[in-house]
Amino acid sequence: MNRRMFLQCGSSTLAVGYGLSLVGCRGTDAPDAAFAPYPHDPVRAENFTNPLFIPGAEGPLGVLDVSDVPLALTARTATFPLLAGRASPFLLFETSYAGKTFQNPIFRIKRGGHFAATLRNGLNEPTIIHWHGLHIPANMDGHPTDSIGPGKNYPYAFTVNNRGGTYWYHTHAENLTAKQAYGGLASFFIVEDDDDERLTRALDLKFGETDLPLVIQDKRFSAASELVYQPDATEKLMGHFGDIILVNLTPNPTLEIGPRFYRFRCLNGSNARIYRLVFMRGKQQLAYRVIGTDGGLLDRPYEVKDAFLAPGERLDVLFDASQLRQGDTVFLKSLAFDSMHNEGAMEMAGANRTARLGDSVEFNLLKLVVTRPANGPRAVPARLSQVEPIDVGRATVRKVRLELAGMRWRINGEVYRKDAFPIDARRNTVEIWELHNAQQSMPHPMHMHGFQFQVLSRQNSPKQIRALGGYGNGRIVSDLGWKDTVLVWPGETVRLAVDLSHDFGGDQTYVFHCHNLEHEDAGMMVNMRVRA
Ligand SMILES: [Cu+2]
């Protein structure tokens, strides 16, 4: 299916500026003569020749065990060889420890461990770090108003009590999160616990070999192979999309594997793009098991054929390569889907550069080639962990409306104001949040700071989501377990159970926002105060 679409807008269409319309438009498929394959085009399988970057013991994405290791972490401008070894301006977190230097280190810590790091801002603009998914005091969380200016320091020290799982950290600079995260300021924060270790032993997994973090990001490059981030008005409204996909900062990556189980910890680190993950051998879609989501392992493995992954979300999957033979090739892909961007506003802005890779195109993320011998257990544990449901027996209901008005994405009619506290809750209470996305809207991945929540139900979901149901109350596999980010499609109502228990001293002010980073920076965010 060729997605380059033209739009027909009825006379009732309300023109809202930027040369595009947000209501009343219908997309029609039409061939686009301008479309042509381009270097690093992820649709073309033959482009996939670059070895996937594997995290090592130092350097970029180097793995750093951080329990009780006080670090100095500098956010700085640098260059990084992203495309064919050509240096691109890049932003990264850098630290040194035990004679080794790390860029965007993968922090790894045991549950209950203590983390301490001083952020030094070596950029020429404000910044701050958010520890995405961690349950920590608000002054450790990277609230945008805690952003520090160039040359300033911010001390972090907290105990990590989260369940084992794949968390991450990234800039949360006031009004600059999208640009800085796109520029490179993000990496993983891995928490290990007993359940995780049991799985690692059962499947004989090794981090960095058969247990691999995969950060998926879409980027755009200039002719000189330099990262480009210059969102126009349309992209500020819809989100910034790239046409070259990087996995672990590698374009068109390939990985040699053996016929055994692999754990892939997928993180969508893109600004705005949603992926629909499948493993395909030729035209055959291979089943895989989802074993974890944002807040760690699920109760058991869930076999699926495809799953959505929105910006900010993690999907921890087991891929059974023991069903493959030597020489087999499998692609991790993103399947085509309906992006539901106001039923076509995105496409109407077809002149914008994002049109090179739309959501209604199937494209490749990672090529897996079986070249190694078999060397792993064949049986997956039937149980992985315990997920105790939050008791919502006495919960109060909070309604949260997501909508566009006056050309701004809003939460309950508001855009972000640092002096307003639209979500004002009490500590040690349980709430049910009813997130309702307007019909004339686009998907919003909503992220809560400070707390993991549980998804109770999805209602009025679009067909492509209903088709993935089967987990009770309209939920899809990405909704299971503990979550900090949930994708809400146009027209949907998604109900969350939120337990606001904590043992931090005093009022805690976090934020709740859309993880489409352009939306966040444009104010699709509210303060969330949990009173002591
Ligand atoms: Cu949004």
# chains A, B, ... in the order shown; residues from 1 in each chain; ligands from 1

call {"tool": "residues_near_ligand", "arguments": {"ligand": "ligand 1", "cutoff": "7 Å", "atoms": "only C-alpha atoms and all ligand atoms", "output": "ChimeraX atom specification"}}
result
/A:409,443-445,514-516,519-520,524

call {"tool": "residues_around", "arguments": {"residues": "A:Asn50", "least_positions_apart": "4", "cutoff": "9 Å", "atoms": "only C-alpha atoms", "output": "number ranges by chain"}}
result
A: 84, 250-255

call {"tool": "write_last_selection", "arguments": {"atoms": "C-alpha atoms", "output": "compact mmCIF listing (two decimals), in the first residue's frame"}}
result
# COMPACT_ATOMS: atom_id res chain seq x y z
CA ALA A 84 28.33 5.34 7.40
CA THR A 250 22.76 2.04 13.98
CA PRO A 251 20.95 2.66 10.67
CA ASN A 252 19.80 -0.46 8.82
CA PRO A 253 21.25 -2.81 11.44
CA THR A 254 21.88 -6.53 11.19
CA LEU A 255 22.61 -9.04 13.95

call {"tool": "residues_around", "arguments": {"residues": "stretch 388-397 of chain A", "least_positions_apart": "3", "cutoff": "8 Å", "atoms": "only C-alpha atoms", "output": "VMD selection string"}}
result
chain A and resid 429 to 434 454 497 to 499

call {"tool": "closest_atom_pairs", "arguments": {"of": "stretch 94-167 of chain A", "to": "stretch 61-83 of chain A", "cutoff": "10 Å", "atoms": "only C-alpha atoms", "output": "JSON lines"}}
result
{"residue": "A:Glu94", "atom": "CA", "partner": "A:Thr74", "partner_atom": "CA", "distance": 5.1}
{"residue": "A:Thr95", "atom": "CA", "partner": "A:Leu73", "partner_atom": "CA", "distance": 4.9}
{"residue": "A:Ser96", "atom": "CA", "partner": "A:Ala72", "partner_atom": "CA", "distance": 7.5}
{"residue": "A:Tyr97", "atom": "CA", "partner": "A:Leu71", "partner_atom": "CA", "distance": 7.5}
{"residue": "A:Lys100", "atom": "CA", "partner": "A:Gly62", "partner_atom": "CA", "distance": 9.5}
{"residue": "A:Thr101", "atom": "CA", "partner": "A:Gly62", "partner_atom": "CA", "distance": 8.5}
{"residue": "A:Phe102", "atom": "CA", "partner": "A:Gly62", "partner_atom": "CA", "distance": 5.7}
{"residue": "A:Gln103", "atom": "CA", "partner": "A:Leu61", "partner_atom": "CA", "distance": 6.0}
{"residue": "A:Asn104", "atom": "CA", "partner": "A:Leu61", "partner_atom": "CA", "distance": 5.2}
{"residue": "A:Pro105", "atom": "CA", "partner": "A:Leu61", "partner_atom": "CA", "distance": 4.6}
{"residue": "A:Ile106", "atom": "CA", "partner": "A:Val63", "partner_atom": "CA", "distance": 4.7}
{"residue": "A:Phe107", "atom": "CA", "partner": "A:Leu64", "partner_atom": "CA", "distance": 5.1}
{"residue": "A:Arg108", "atom": "CA", "partner": "A:Asp65", "partner_atom": "CA", "distance": 4.7}
{"residue": "A:Ile109", "atom": "CA", "partner": "A:Ser67", "partner_atom": "CA", "distance": 5.6}
{"residue": "A:Lys110", "atom": "CA", "partner": "A:Ser67", "partner_atom": "CA", "distance": 7.1}
{"residue": "A:Arg111", "atom": "CA", "partner": "A:Ser67", "partner_atom": "CA", "distance": 9.4}
{"residue": "A:Gly112", "atom": "CA", "partner": "A:Ser67", "partner_atom": "CA", "distance": 8.9}
{"residue": "A:Gly113", "atom": "CA", "partner": "A:Ser67", "partner_atom": "CA", "distance": 5.2}
{"residue": "A:His114", "atom": "CA", "partner": "A:Ser67", "partner_atom": "CA", "distance": 5.3}
{"residue": "A:Phe115", "atom": "CA", "partner": "A:Ser67", "partner_atom": "CA", "distance": 5.8}
{"residue": "A:Ala116", "atom": "CA", "partner": "A:Pro70", "partner_atom": "CA", "distance": 4.9}
{"residue": "A:Ala117", "atom": "CA", "partner": "A:Leu71", "partner_atom": "CA", "distance": 4.4}
{"residue": "A:Thr118", "atom": "CA", "partner": "A:Ala72", "partner_atom": "CA", "distance": 4.9}
{"residue": "A:Leu119", "atom": "CA", "partner": "A:Leu73", "partner_atom": "CA", "distance": 4.8}
{"residue": "A:Arg120", "atom": "CA", "partner": "A:Thr74", "partner_atom": "CA", "distance": 4.6}
{"residue": "A:Asn121", "atom": "CA", "partner": "A:Ala75", "partner_atom": "CA", "distance": 5.2}
{"residue": "A:Gly122", "atom": "CA", "partner": "A:Arg76", "partner_atom": "CA", "distance": 4.7}
{"residue": "A:Leu123", "atom": "CA", "partner": "A:Arg76", "partner_atom": "CA", "distance": 5.1}
{"residue": "A:Asn124", "atom": "CA", "partner": "A:Arg76", "partner_atom": "CA", "distance": 8.6}
{"residue": "A:Thr127", "atom": "CA", "partner": "A:Ala75", "partner_atom": "CA", "distance": 8.1}
{"residue": "A:Ile128", "atom": "CA", "partner": "A:Ala75", "partner_atom": "CA", "distance": 9.0}
{"residue": "A:Ile129", "atom": "CA", "partner": "A:Ala75", "partner_atom": "CA", "distance": 9.4}
{"residue": "A:Pro150", "atom": "CA", "partner": "A:Ala75", "partner_atom": "CA", "distance": 9.7}
{"residue": "A:Gly151", "atom": "CA", "partner": "A:Thr74", "partner_atom": "CA", "distance": 9.8}
{"residue": "A:Asn153", "atom": "CA", "partner": "A:Thr74", "partner_atom": "CA", "distance": 9.1}
{"residue": "A:Tyr154", "atom": "CA", "partner": "A:Leu73", "partner_atom": "CA", "distance": 9.8}
{"residue": "A:Pro155", "atom": "CA", "partner": "A:Ala72", "partner_atom": "CA", "distance": 9.2}
{"residue": "A:Tyr156", "atom": "CA", "partner": "A:Pro70", "partner_atom": "CA", "distance": 9.5}
{"residue": "A:Ala157", "atom": "CA", "partner": "A:Pro70", "partner_atom": "CA", "distance": 8.8}
{"residue": "A:Thr159", "atom": "CA", "partner": "A:Ser67", "partner_atom": "CA", "distance": 9.3}
{"residue": "A:Val160", "atom": "CA", "partner": "A:Ser67", "partner_atom": "CA", "distance": 9.3}

call {"tool": "write_last_selection", "arguments": {"atoms": "N, CA and C atoms", "output": "tab-separated table (two decimals), in the first residue's frame"}}
result
chain	number	residue	atom	x	y	z
A	94	GLU	N	27.95	11.99	29.39
A	94	GLU	CA	29.26	11.33	29.47
A	94	GLU	C	29.68	11.21	30.92
A	95	THR	N	30.30	10.09	31.22
A	95	THR	CA	30.84	9.91	32.56
A	95	THR	C	32.07	9.02	32.49
A	96	SER	N	32.90	9.13	33.52
A	96	SER	CA	34.07	8.26	33.61
A	96	SER	C	34.00	7.50	34.91
A	97	TYR	N	34.40	6.25	34.86
A	97	TYR	CA	34.43	5.47	36.09
A	97	TYR	C	35.47	4.36	35.92
A	100	LYS	N	37.41	4.11	32.79
A	100	LYS	CA	36.68	3.97	31.53
A	100	LYS	C	35.77	5.17	31.30
A	101	THR	N	35.55	5.49	30.04
A	101	THR	CA	34.65	6.58	29.71
A	101	THR	C	33.42	6.02	29.03
A	102	PHE	N	32.29	6.57	29.39
A	102	PHE	CA	31.00	6.09	28.88
A	102	PHE	C	30.24	7.25	28.26
A	103	GLN	N	29.63	7.02	27.10
A	103	GLN	CA	28.71	7.98	26.53
A	103	GLN	C	27.31	7.38	26.54
A	104	ASN	N	26.34	8.14	27.02
A	104	ASN	CA	24.98	7.61	27.21
A	104	ASN	C	25.03	6.22	27.83
A	105	PRO	N	25.70	6.11	29.00
A	105	PRO	CA	25.85	4.80	29.62
A	105	PRO	C	24.51	4.14	29.89
A	106	ILE	N	24.49	2.80	29.78
A	106	ILE	CA	23.34	2.02	30.24
A	106	ILE	C	23.57	1.76	31.71
A	107	PHE	N	22.80	2.43	32.55
A	107	PHE	CA	22.94	2.21	33.98
A	107	PHE	C	22.24	0.91	34.35
A	108	ARG	N	22.90	0.15	35.22
A	108	ARG	CA	22.31	-1.11	35.67
A	108	ARG	C	22.43	-1.16	37.18
A	109	ILE	N	21.33	-1.53	37.82
A	109	ILE	CA	21.33	-1.50	39.28
A	109	ILE	C	20.43	-2.61	39.81
A	110	LYS	N	20.77	-3.14	40.98
A	110	LYS	CA	19.90	-4.12	41.62
A	110	LYS	C	18.79	-3.38	42.35
A	111	ARG	N	17.60	-3.98	42.35
A	111	ARG	CA	16.48	-3.40	43.09
A	111	ARG	C	16.89	-3.17	44.53
A	112	GLY	N	16.60	-1.98	45.04
A	112	GLY	CA	17.01	-1.64	46.40
A	112	GLY	C	18.34	-0.92	46.46
A	113	GLY	N	19.03	-0.88	45.33
A	113	GLY	CA	20.33	-0.21	45.28
A	113	GLY	C	20.19	1.30	45.31
A	114	HIS	N	21.29	1.96	45.64
A	114	HIS	CA	21.29	3.41	45.75
A	114	HIS	C	22.04	4.02	44.56
A	115	PHE	N	21.40	5.00	43.96
A	115	PHE	CA	21.98	5.65	42.78
A	115	PHE	C	22.37	7.08	43.16
A	116	ALA	N	23.54	7.49	42.76
A	116	ALA	CA	23.98	8.87	43.02
A	116	ALA	C	24.77	9.38	41.83
A	117	ALA	N	24.36	10.54	41.33
A	117	ALA	CA	25.08	11.14	40.21
A	117	ALA	C	24.85	12.64	40.24
A	118	THR	N	25.88	13.36	39.91
A	118	THR	CA	25.72	14.80	39.76
A	118	THR	C	25.71	15.12	38.28
A	119	LEU	N	24.60	15.71	37.86
A	119	LEU	CA	24.51	16.15	36.46
A	119	LEU	C	25.23	17.48	36.34
A	120	ARG	N	26.14	17.55	35.38
A	120	ARG	CA	26.78	18.82	35.07
A	120	ARG	C	26.31	19.24	33.68
A	121	ASN	N	25.80	20.45	33.58
A	121	ASN	CA	25.28	20.91	32.30
A	121	ASN	C	26.40	21.53	31.47
A	122	GLY	N	26.89	20.77	30.52
A	122	GLY	CA	27.93	21.26	29.61
A	122	GLY	C	27.35	21.74	28.29
A	123	LEU	N	26.03	21.90	28.23
A	123	LEU	CA	25.39	22.42	27.02
A	123	LEU	C	25.38	23.95	27.09
A	124	ASN	N	24.92	24.55	26.02
A	124	ASN	CA	24.80	26.02	26.05
A	124	ASN	C	23.35	26.45	26.29
A	127	THR	N	19.15	22.27	30.93
A	127	THR	CA	18.78	20.86	30.80
A	127	THR	C	18.51	20.27	32.17
A	128	ILE	N	17.95	19.06	32.19
A	128	ILE	CA	17.72	18.30	33.42
A	128	ILE	C	17.47	16.86	32.99
A	129	ILE	N	17.66	15.90	33.90
A	129	ILE	CA	17.41	14.49	33.57
A	129	ILE	C	16.15	13.99	34.26
A	150	PRO	N	23.54	26.45	31.81
A	150	PRO	CA	24.89	26.01	31.42
A	150	PRO	C	25.88	26.18	32.57
A	151	GLY	N	26.71	25.16	32.74
A	151	GLY	CA	27.75	25.23	33.76
A	151	GLY	C	27.27	24.88	35.15
A	153	ASN	N	25.20	22.53	38.19
A	153	ASN	CA	25.13	21.12	38.58
A	153	ASN	C	23.79	20.80	39.22
A	154	TYR	N	23.35	19.56	39.07
A	154	TYR	CA	22.16	19.09	39.81
A	154	TYR	C	22.50	17.74	40.42
A	155	PRO	N	22.42	17.65	41.75
A	155	PRO	CA	22.77	16.37	42.40
A	155	PRO	C	21.57	15.43	42.48
A	156	TYR	N	21.79	14.20	42.07
A	156	TYR	CA	20.76	13.16	42.20
A	156	TYR	C	21.24	12.11	43.20
A	157	ALA	N	20.35	11.69	44.06
A	157	ALA	CA	20.65	10.58	44.97
A	157	ALA	C	19.33	9.96	45.37
A	159	THR	N	17.12	5.92	46.12
A	159	THR	CA	17.09	4.47	46.19
A	159	THR	C	16.14	3.96	45.11
A	160	VAL	N	16.56	2.92	44.42
A	160	VAL	CA	15.74	2.38	43.34
A	160	VAL	C	14.92	1.20	43.88

call {"tool": "residues_around", "arguments": {"residues": "stretch 296-306 of chain A", "least_positions_apart": "6", "cutoff": "9 Å", "atoms": "only C-alpha atoms", "output": "number ranges by chain"}}
result
A: 162-167, 191, 195-196, 276-279, 285-290, 316-318, 334-335, 380-387, 468, 477, 480-483

call {"tool": "residues_around", "arguments": {"residues": "stretch 415-426 of chain A", "least_positions_apart": "5", "cutoff": "9 Å", "atoms": "only C-alpha atoms", "output": "list in words"}}
result
Pro144, Thr145, Arg398, Arg408, Trp409, Arg410, Glu431, Leu500, Ser501, Asp507, Thr509, Val511, Phe512, Glu520, Asp521, Ala522, Gly523, Met524, Met525, Val526, Asn527, Met528, Arg529, Val530, Arg531 and Ala532 of chain A

call {"tool": "atom_distance", "arguments": {"atom1": "atom CA of A:Gly282", "atom2": "atom CA of A:Thr371"}}
result
17.3 Å

call {"tool": "closest_atom_pairs", "arguments": {"of": "stretch 351-449 of chain A", "to": "stretch 232-247 of chain A", "cutoff": "12 Å", "atoms": "only C-alpha atoms", "output": "tab-separated table"}}
result
residue	atom	partner	partner_atom	distance
A:Ala351	CA	A:Thr234	CA	10.2
A:Asn352	CA	A:Thr234	CA	8.1
A:Arg353	CA	A:Gly242	CA	8.4
A:Thr354	CA	A:Phe241	CA	5.5
A:Ala355	CA	A:Asp243	CA	8.3
A:Arg356	CA	A:Asp243	CA	6.0
A:Leu357	CA	A:Asp243	CA	5.1
A:Gly358	CA	A:Asp243	CA	8.3
A:Asp359	CA	A:Phe241	CA	10.0
A:Val361	CA	A:Asp243	CA	11.4
A:Phe363	CA	A:Ile245	CA	9.3
A:Asn364	CA	A:Ile245	CA	8.5
A:Leu365	CA	A:Ile245	CA	6.8
A:Leu366	CA	A:Val247	CA	7.4
A:Lys367	CA	A:Val247	CA	10.7
A:Leu404	CA	A:Leu237	CA	9.7
A:Ala405	CA	A:Leu237	CA	11.6
A:Gly406	CA	A:Leu237	CA	11.5
A:Met407	CA	A:Leu237	CA	7.8
A:Arg408	CA	A:Leu237	CA	7.5
A:Trp409	CA	A:Leu237	CA	7.9
A:Arg410	CA	A:Leu237	CA	11.6
A:Ser441	CA	A:Met238	CA	9.9
A:Met442	CA	A:Met238	CA	8.2
A:Pro443	CA	A:Met238	CA	9.9
A:His444	CA	A:Met238	CA	10.3
A:Pro445	CA	A:Gly239	CA	11.8

call {"tool": "residues_around", "arguments": {"residues": "A:Gly269", "least_positions_apart": "6", "cutoff": "6 Å", "atoms": "only C-alpha atoms", "output": "number ranges by chain"}}
result
A: 215-217, 311

call {"tool": "write_last_selection", "arguments": {"atoms": "N, CA and C atoms", "output": "JSON list (two decimals), in the first residue's frame"}}
result
[["chain", "number", "residue", "atom", "x", "y", "z"],
["A", 215, "VAL", "N", 17.09, 0.34, 21.47],
["A", 215, "VAL", "CA", 16.39, 1.63, 21.44],
["A", 215, "VAL", "C", 16.14, 2.00, 19.98],
["A", 216, "ILE", "N", 14.86, 2.20, 19.68],
["A", 216, "ILE", "CA", 14.42, 2.44, 18.30],
["A", 216, "ILE", "C", 14.08, 3.92, 18.15],
["A", 217, "GLN", "N", 14.72, 4.57, 17.17],
["A", 217, "GLN", "CA", 14.51, 6.01, 16.98],
["A", 217, "GLN", "C", 14.49, 6.34, 15.50],
["A", 311, "PRO", "N", 5.98, 6.10, 21.68],
["A", 311, "PRO", "CA", 7.11, 6.82, 22.28],
["A", 311, "PRO", "C", 7.08, 6.75, 23.81]]

call {"tool": "select_by_dssp", "arguments": {"residues": "stretch 62-219 of chain A", "states": "strand (DSSP E or B)", "output": "ChimeraX atom specification"}}
result
/A:63-65,71-83,86-97,100-103,106-110,114-122,127,129-132,148,153-159,165-171,186-192,207,211-219

call {"tool": "select_by_dssp", "arguments": {"residues": "stretch 228-327 of chain A", "states": "alpha helix (DSSP H)", "output": "PDB file with N, CA and C atoms, in the first residue's frame"}}
result
ATOM      1  N   ALA A 233       5.887  24.329  11.492  1.00  0.00           N
ATOM      2  CA  ALA A 233       4.678  24.504  12.301  1.00  0.00           C
ATOM      3  C   ALA A 233       3.841  23.224  12.331  1.00  0.00           C
ATOM      4  N   THR A 234       3.766  22.548  11.195  1.00  0.00           N
ATOM      5  CA  THR A 234       2.983  21.310  11.140  1.00  0.00           C
ATOM      6  C   THR A 234       3.596  20.252  12.049  1.00  0.00           C
ATOM      7  N   GLU A 235       4.922  20.136  11.992  1.00  0.00           N
ATOM      8  CA  GLU A 235       5.595  19.122  12.806  1.00  0.00           C
ATOM      9  C   GLU A 235       5.525  19.453  14.295  1.00  0.00           C
ATOM     10  N   LYS A 236       5.501  20.721  14.603  1.00  0.00           N
ATOM     11  CA  LYS A 236       5.337  21.073  16.016  1.00  0.00           C
ATOM     12  C   LYS A 236       3.957  20.647  16.499  1.00  0.00           C
ATOM     13  N   LEU A 237       2.999  20.661  15.592  1.00  0.00           N
ATOM     14  CA  LEU A 237       1.639  20.271  15.963  1.00  0.00           C
ATOM     15  C   LEU A 237       1.470  18.752  15.967  1.00  0.00           C
ATOM     16  N   MET A 238       2.057  18.082  14.964  1.00  0.00           N
ATOM     17  CA  MET A 238       1.809  16.649  14.797  1.00  0.00           C
ATOM     18  C   MET A 238       2.905  15.781  15.405  1.00  0.00           C
TER      19      MET A 238
END

call {"tool": "closest_residue", "arguments": {"among": "A:Gly505, A:Arg372, A:Phe308, A:His449", "to": "A:Gly469", "atoms": "only C-alpha atoms"}}
result
A:Phe308

call {"tool": "atom_distance", "arguments": {"atom1": "atom CA of A:Thr210", "atom2": "atom CA of A:Ser478"}}
result
22.3 Å

call {"tool": "closest_residue", "arguments": {"among": "A:Thr485, A:Ser360, A:Ser322, A:Ser187", "to": "A:Asn375", "atoms": "only C-alpha atoms"}}
result
A:Ser322

call {"tool": "closest_residue", "arguments": {"among": "A:Ser225, A:Phe331, A:Gln459, A:Ala336", "to": "A:Arg44", "atoms": "only C-alpha atoms"}}
result
A:Phe331

call {"tool": "atom_distance", "arguments": {"atom1": "atom CA of A:Ile54", "atom2": "atom CA of A:Leu205"}}
result
14.8 Å

call {"tool": "closest_residue", "arguments": {"among": "A:Ala186, A:Met340, A:Leu203, A:Met448", "to": "A:Gly491", "atoms": "only C-alpha atoms"}}
result
A:Met340

call {"tool": "residues_around", "arguments": {"residues": "A:Arg260", "least_positions_apart": "4", "cutoff": "8 Å", "atoms": "only C-alpha atoms", "output": "list in words"}}
result
Asp320, Ala321, Ser322, Ala374, Asn375, Gly376, Pro377 and Arg378 of chain A

call {"tool": "closest_residue", "arguments": {"among": "A:Leu52, A:Ala438, A:Ala307, A:Leu92", "to": "A:Ser461", "atoms": "only C-alpha atoms"}}
result
A:Ala438

call {"tool": "decode", "arguments": {"residues": "stretch 223-241 of chain A", "atoms": "N, CA and C atoms", "output": "short mmCIF file (atom, residue, chain, number, x, y, z; two decimals), in the first residue's frame"}}
result
data_model
loop_
_atom_site.label_atom_id
_atom_site.label_comp_id
_atom_site.auth_asym_id
_atom_site.auth_seq_id
_atom_site.Cartn_x
_atom_site.Cartn_y
_atom_site.Cartn_z
N ALA A 223 22.03 16.22 3.73
CA ALA A 223 22.84 15.59 2.69
C ALA A 223 24.26 15.32 3.20
N ALA A 224 24.68 16.07 4.21
CA ALA A 224 26.01 15.87 4.78
C ALA A 224 25.99 14.86 5.93
N SER A 225 24.90 14.08 6.03
CA SER A 225 24.76 13.04 7.06
C SER A 225 24.73 13.59 8.47
N GLU A 226 24.27 14.81 8.62
CA GLU A 226 24.15 15.39 9.95
C GLU A 226 22.69 15.37 10.39
N LEU A 227 22.48 15.08 11.67
CA LEU A 227 21.11 15.07 12.22
C LEU A 227 20.45 16.41 11.98
N VAL A 228 19.19 16.36 11.59
CA VAL A 228 18.45 17.59 11.35
C VAL A 228 17.25 17.63 12.27
N TYR A 229 17.11 18.71 13.00
CA TYR A 229 15.89 18.92 13.78
C TYR A 229 15.43 20.35 13.60
N GLN A 230 14.57 20.54 12.64
CA GLN A 230 14.03 21.87 12.39
C GLN A 230 12.53 21.73 12.14
N PRO A 231 11.79 21.38 13.18
CA PRO A 231 10.36 21.16 12.96
C PRO A 231 9.66 22.42 12.48
N ASP A 232 8.86 22.25 11.44
CA ASP A 232 8.05 23.39 10.99
C ASP A 232 6.76 23.41 11.82
N ALA A 233 5.89 24.33 11.49
CA ALA A 233 4.68 24.50 12.30
C ALA A 233 3.84 23.22 12.33
N THR A 234 3.77 22.55 11.19
CA THR A 234 2.98 21.31 11.14
C THR A 234 3.60 20.25 12.05
N GLU A 235 4.92 20.14 11.99
CA GLU A 235 5.59 19.12 12.81
C GLU A 235 5.53 19.45 14.29
N LYS A 236 5.50 20.72 14.60
CA LYS A 236 5.34 21.07 16.02
C LYS A 236 3.96 20.65 16.50
N LEU A 237 3.00 20.66 15.59
CA LEU A 237 1.64 20.27 15.96
C LEU A 237 1.47 18.75 15.97
N MET A 238 2.06 18.08 14.96
CA MET A 238 1.81 16.65 14.80
C MET A 238 2.90 15.78 15.40
N GLY A 239 4.07 16.35 15.58
CA GLY A 239 5.21 15.56 16.02
C GLY A 239 6.22 15.45 14.89
N HIS A 240 7.47 15.27 15.26
CA HIS A 240 8.56 15.23 14.29
C HIS A 240 8.86 13.79 13.92
N PHE A 241 8.77 13.49 12.64
CA PHE A 241 9.02 12.13 12.16
C PHE A 241 10.27 12.10 11.31
#
